[in-house]
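What follows is one structure encoded as structure tokens, with my remarks underneath.
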Amino acid sequence: MSPSSPTAAKPVTASHSRDTLLKIIVPIIVVFTLLSAWQIGVVLSGVPQYILPSPIAAGAALINDWGTLAPALWVTTKITLASLALALIGGVGIAIFLVQSRWIELAFYPITVILQVTPIVAIAPLILIYAPSTQVALLICAFLVAFFPILSNMVQGLKSVDHNLLNLFDLYGATRLQTLLYLKLPASLPYFMTGLRIGGGLALIAAVVAEFAAGSAGAGSGLAFRLLEAQYRLNIPRLFAALFLLSCLGVLIFAITSFLSWLALHRWHESSLKREN
């Protein structure tokens with residue numbers, strides 16, 4: 001019987017389906033167990049809801065306050081996605097610019113490092129002064145945080161191209177643009193995907209931190225303001241509901257970026273290839 005026959009393929013398919021099912025079921029069981037322990041602990045200890053609400057109370061707050069939390073979630077989502085998109089464009093563009101010359105990299109790369117290591121809460125007041133609106137200031141703050149991981153990974157990927165392939169392109173008379181499009185960019189794709197996953201999470205974190213630093217309030221505010229509002233009013237169930245929405249948004253962003261990474265790499269890159277052993 002040949003290895004490619006349907007009978008031989010069935011065990012492999014069944015094993016893959018079982019692994020996929022376990023990846024879904026095991027986390028659900030763990031989360032359900034933790035939530036059950038949390039609920040039982042709150043009920044048995046008699047902790048007041050304004051100190052530690054139960055999961056049921058937090059879920060009720062999520063449903064009852066959905067009209068308040070949903071617009072704030074949308075504001076935070078827009079800032080996060082917009083800053084991530086700008087970070088992707090800026091990170092890839094500047095990375096390509098930096099690797100064109102050793103002197104260009106020496107001149108401009110330290111500036112990007114300075115922007116990264118400076119705490120965003122320290123420069124947020126300056127951004128608020130010069131930005132035309134609070135929303136633009138939040139977008140700039142989130143962009144600055146998400147920008148550097150994409151830039152650094154992209155620069156590393158563009159500089160990690162096999163020199164033998166570079167020599168081969170030179171041998172066949174490829175132009176600099178052709179080398180970039182057909183060799184350097186495809187070879188740097190795994191590094192870019194790593195930066196995308198990191199930048200996606202950091203964009204959300206930066207959007208929340210920037211809103212904390214900006215102290216924005218009102219109807220057009222994001223979930224960060226709703227967190228502070230719930231804290232000031234001792235509405236802890238709403239606070240946990242807002243935290244739950246932020247966590248769900250972060251998980252969703254990570255899942256989407258991970259899927260995009262798998263989609264781009266699973267056919268050819270070692271990090272995503274399915275191995276029998």
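Scheme for the structure tokens: letters A, B, ... for chains in order shown; per-chain residue numbers from 1; ligand numbers from 1 in order shown.
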Inset, instruction - Please identify which residues in region 30-219 of chain A DSSP calls helix (DSSP H, G or I) from the backbone, and express them as JSON, numbers by chain. - result: {"A": [30, 31, 32, 33, 34, 35, 36, 37, 38, 39, 40, 41, 42, 43, 44, 45, 55, 56, 57, 58, 59, 60, 61, 62, 63, 64, 66, 67, 68, 69, 70, 71, 72, 73, 74, 75, 76, 77, 78, 79, 80, 81, 82, 83, 84, 85, 86, 87, 88, 89, 90, 91, 92, 93, 94, 95, 96, 97, 98, 102, 103, 104, 105, 106, 107, 108, 109, 110, 111, 112, 113, 114, 115, 116, 117, 120, 121, 122, 123, 124, 125, 126, 127, 128, 129, 130, 134, 135, 136, 137, 138, 139, 140, 141, 142, 143, 144, 145, 146, 147, 148, 149, 150, 151, 152, 153, 154, 155, 156, 157, 158, 159, 163, 164, 165, 166, 167, 168, 169, 170, 171, 176, 177, 178, 179, 180, 181, 182, 183, 184, 185, 186, 187, 189, 190, 191, 192, 193, 194, 195, 196, 197, 198, 199, 200, 201, 202, 203, 204, 205, 206, 207, 208, 209, 210, 211, 212, 213, 214]}
Would you kindly return, as an mmCIF file with N, CA, C and O atoms, in the first residue's frame, each protein, DNA or RNA residue with an atom no farther than 7 Å from any atom of region 225-238 of chain A, considering only C-alpha atoms and excluding same-chain residues fewer than 2 positions away?
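See result.cif below for the written result:
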data_model
loop_
_atom_site.group_PDB
_atom_site.id
_atom_site.type_symbol
_atom_site.label_atom_id
_atom_site.label_comp_id
_atom_site.auth_asym_id
_atom_site.auth_seq_id
_atom_site.Cartn_x
_atom_site.Cartn_y
_atom_site.Cartn_z
ATOM 1 N N TYR A 50 -18.442 45.498 45.588
ATOM 2 C CA TYR A 50 -17.618 46.655 45.269
ATOM 3 C C TYR A 50 -16.135 46.409 45.538
ATOM 4 O O TYR A 50 -15.299 47.284 45.273
ATOM 5 N N ILE A 51 -15.811 45.234 46.060
ATOM 6 C CA ILE A 51 -14.406 44.853 46.242
ATOM 7 C C ILE A 51 -14.010 43.817 45.190
ATOM 8 O O ILE A 51 -13.022 43.983 44.471
ATOM 9 N N PRO A 53 -16.309 41.528 42.473
ATOM 10 C CA PRO A 53 -17.575 40.987 41.969
ATOM 11 C C PRO A 53 -17.398 39.558 41.468
ATOM 12 O O PRO A 53 -16.303 39.151 41.089
ATOM 13 N N ALA A 57 -21.928 38.590 38.305
ATOM 14 C CA ALA A 57 -22.177 40.023 38.446
ATOM 15 C C ALA A 57 -21.491 40.812 37.333
ATOM 16 O O ALA A 57 -22.066 41.771 36.791
ATOM 17 N N ALA A 58 -20.275 40.415 36.991
ATOM 18 C CA ALA A 58 -19.576 41.095 35.901
ATOM 19 C C ALA A 58 -20.288 40.870 34.565
ATOM 20 O O ALA A 58 -20.402 41.782 33.741
ATOM 21 N N ALA A 61 -23.313 43.075 34.503
ATOM 22 C CA ALA A 61 -22.923 44.458 34.214
ATOM 23 C C ALA A 61 -22.604 44.644 32.737
ATOM 24 O O ALA A 61 -22.918 45.689 32.147
ATOM 25 N N LEU A 62 -21.992 43.632 32.125
ATOM 26 C CA LEU A 62 -21.685 43.715 30.695
ATOM 27 C C LEU A 62 -22.960 43.835 29.867
ATOM 28 O O LEU A 62 -23.027 44.611 28.904
ATOM 29 N N SER A 216 -8.779 61.912 28.626
ATOM 30 C CA SER A 216 -9.944 62.253 27.812
ATOM 31 C C SER A 216 -11.206 61.710 28.469
ATOM 32 O O SER A 216 -11.200 60.672 29.115
ATOM 33 N N ALA A 217 -12.289 62.423 28.280
ATOM 34 C CA ALA A 217 -13.560 62.032 28.871
ATOM 35 C C ALA A 217 -14.673 62.440 27.927
ATOM 36 O O ALA A 217 -14.468 63.153 26.950
ATOM 37 N N SER A 221 -15.162 58.907 24.287
ATOM 38 C CA SER A 221 -14.009 58.303 24.942
ATOM 39 C C SER A 221 -14.030 56.791 24.777
ATOM 40 O O SER A 221 -15.071 56.177 24.512
ATOM 41 N N GLY A 222 -12.866 56.194 24.978
ATOM 42 C CA GLY A 222 -12.743 54.755 24.843
ATOM 43 C C GLY A 222 -12.928 54.030 26.161
ATOM 44 O O GLY A 222 -13.387 54.587 27.166
ATOM 45 N N LEU A 223 -12.517 52.765 26.147
ATOM 46 C CA LEU A 223 -12.718 51.921 27.326
ATOM 47 C C LEU A 223 -11.845 52.343 28.499
ATOM 48 O O LEU A 223 -12.185 52.055 29.653
ATOM 49 N N PHE A 240 -14.867 45.354 35.680
ATOM 50 C CA PHE A 240 -14.482 44.020 35.208
ATOM 51 C C PHE A 240 -15.074 43.750 33.825
ATOM 52 O O PHE A 240 -14.438 43.078 33.003
ATOM 53 N N ALA A 241 -16.263 44.263 33.553
ATOM 54 C CA ALA A 241 -16.854 44.086 32.235
ATOM 55 C C ALA A 241 -16.018 44.795 31.165
ATOM 56 O O ALA A 241 -15.789 44.246 30.080
ATOM 57 N N ALA A 242 -15.549 46.005 31.475
ATOM 58 C CA ALA A 242 -14.691 46.725 30.538
ATOM 59 C C ALA A 242 -13.362 46.003 30.330
ATOM 60 O O ALA A 242 -12.847 45.927 29.208
#
Inset, instruction - Go through A:Ala70, A:Leu196, A:Ala37, A:Ile127 and flag the residue nearest Pro55 (chain A), using only C-alpha atoms for the distances. - result: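 The closest residue to Pro55 (chain A) is A:Ala37.
Across A:Ala174, A:Leu239, A:Leu139, A:Ala124, the tightest approach to Gly59 (chain A) is made by A:Leu239 when counting only C-alpha atoms.
Ranking A:Lys78, A:Leu144, A:Tyr130, A:Val47 by their shortest atom-to-atom distance to Thr118 (chain A), with only C-alpha atoms included, puts A:Leu144 first.
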Inset, instruction - Would you kindly return, as a ChimeraX atom specification, each protein, DNA or RNA residue with an atom no farther than 8 Å from any atom of Gly195 (chain A), considering only C-alpha atoms and excluding same-chain residues fewer than 4 positions away? - result: /A:149-154,191,199
Inset, instruction - May I have the residues within 7 Å of Ala210 (chain A) as an MDAnalysis selection string, using only C-alpha atoms and disregarding those fewer than 3 positions away in the same chain? - result: chainID A and resid 121 124 138 141:142 206:207 213:214
Output file for the residues above (N, CA, C and O atoms, as a short mmCIF file (atom, residue, chain, number, x, y, z; two decimals), in the first residue's frame):
data_model
loop_
_atom_site.label_atom_id
_atom_site.label_comp_id
_atom_site.auth_asym_id
_atom_site.auth_seq_id
_atom_site.Cartn_x
_atom_site.Cartn_y
_atom_site.Cartn_z
N VAL A 121 3.95 57.88 28.43
CA VAL A 121 3.25 58.78 29.35
C VAL A 121 4.04 60.06 29.57
O VAL A 121 3.48 61.07 30.01
N ALA A 124 3.29 62.09 26.15
CA ALA A 124 1.87 62.29 25.83
C ALA A 124 1.41 63.73 26.07
O ALA A 124 0.66 64.28 25.24
N LEU A 138 -4.15 60.59 20.65
CA LEU A 138 -4.20 59.18 21.03
C LEU A 138 -3.66 58.30 19.91
O LEU A 138 -2.94 57.33 20.16
N CYS A 141 0.17 58.56 19.86
CA CYS A 141 0.77 57.82 20.97
C CYS A 141 0.76 56.32 20.70
O CYS A 141 1.77 55.63 20.91
N ALA A 142 -0.37 55.80 20.24
CA ALA A 142 -0.46 54.37 19.94
C ALA A 142 0.46 53.99 18.79
O ALA A 142 1.08 52.92 18.80
N ALA A 206 -1.08 50.58 23.97
CA ALA A 206 -0.74 52.00 23.84
C ALA A 206 -1.99 52.86 23.75
O ALA A 206 -2.02 53.98 24.26
N ALA A 207 -3.04 52.36 23.07
CA ALA A 207 -4.27 53.13 22.96
C ALA A 207 -4.89 53.36 24.34
O ALA A 207 -5.38 54.46 24.64
N ALA A 213 -3.22 58.70 29.93
CA ALA A 213 -2.35 59.87 30.02
C ALA A 213 -3.05 61.14 29.55
O ALA A 213 -2.84 62.22 30.11
N ALA A 214 -3.89 61.01 28.53
CA ALA A 214 -4.57 62.18 28.00
C ALA A 214 -5.69 62.66 28.90
O ALA A 214 -6.06 63.84 28.88
#
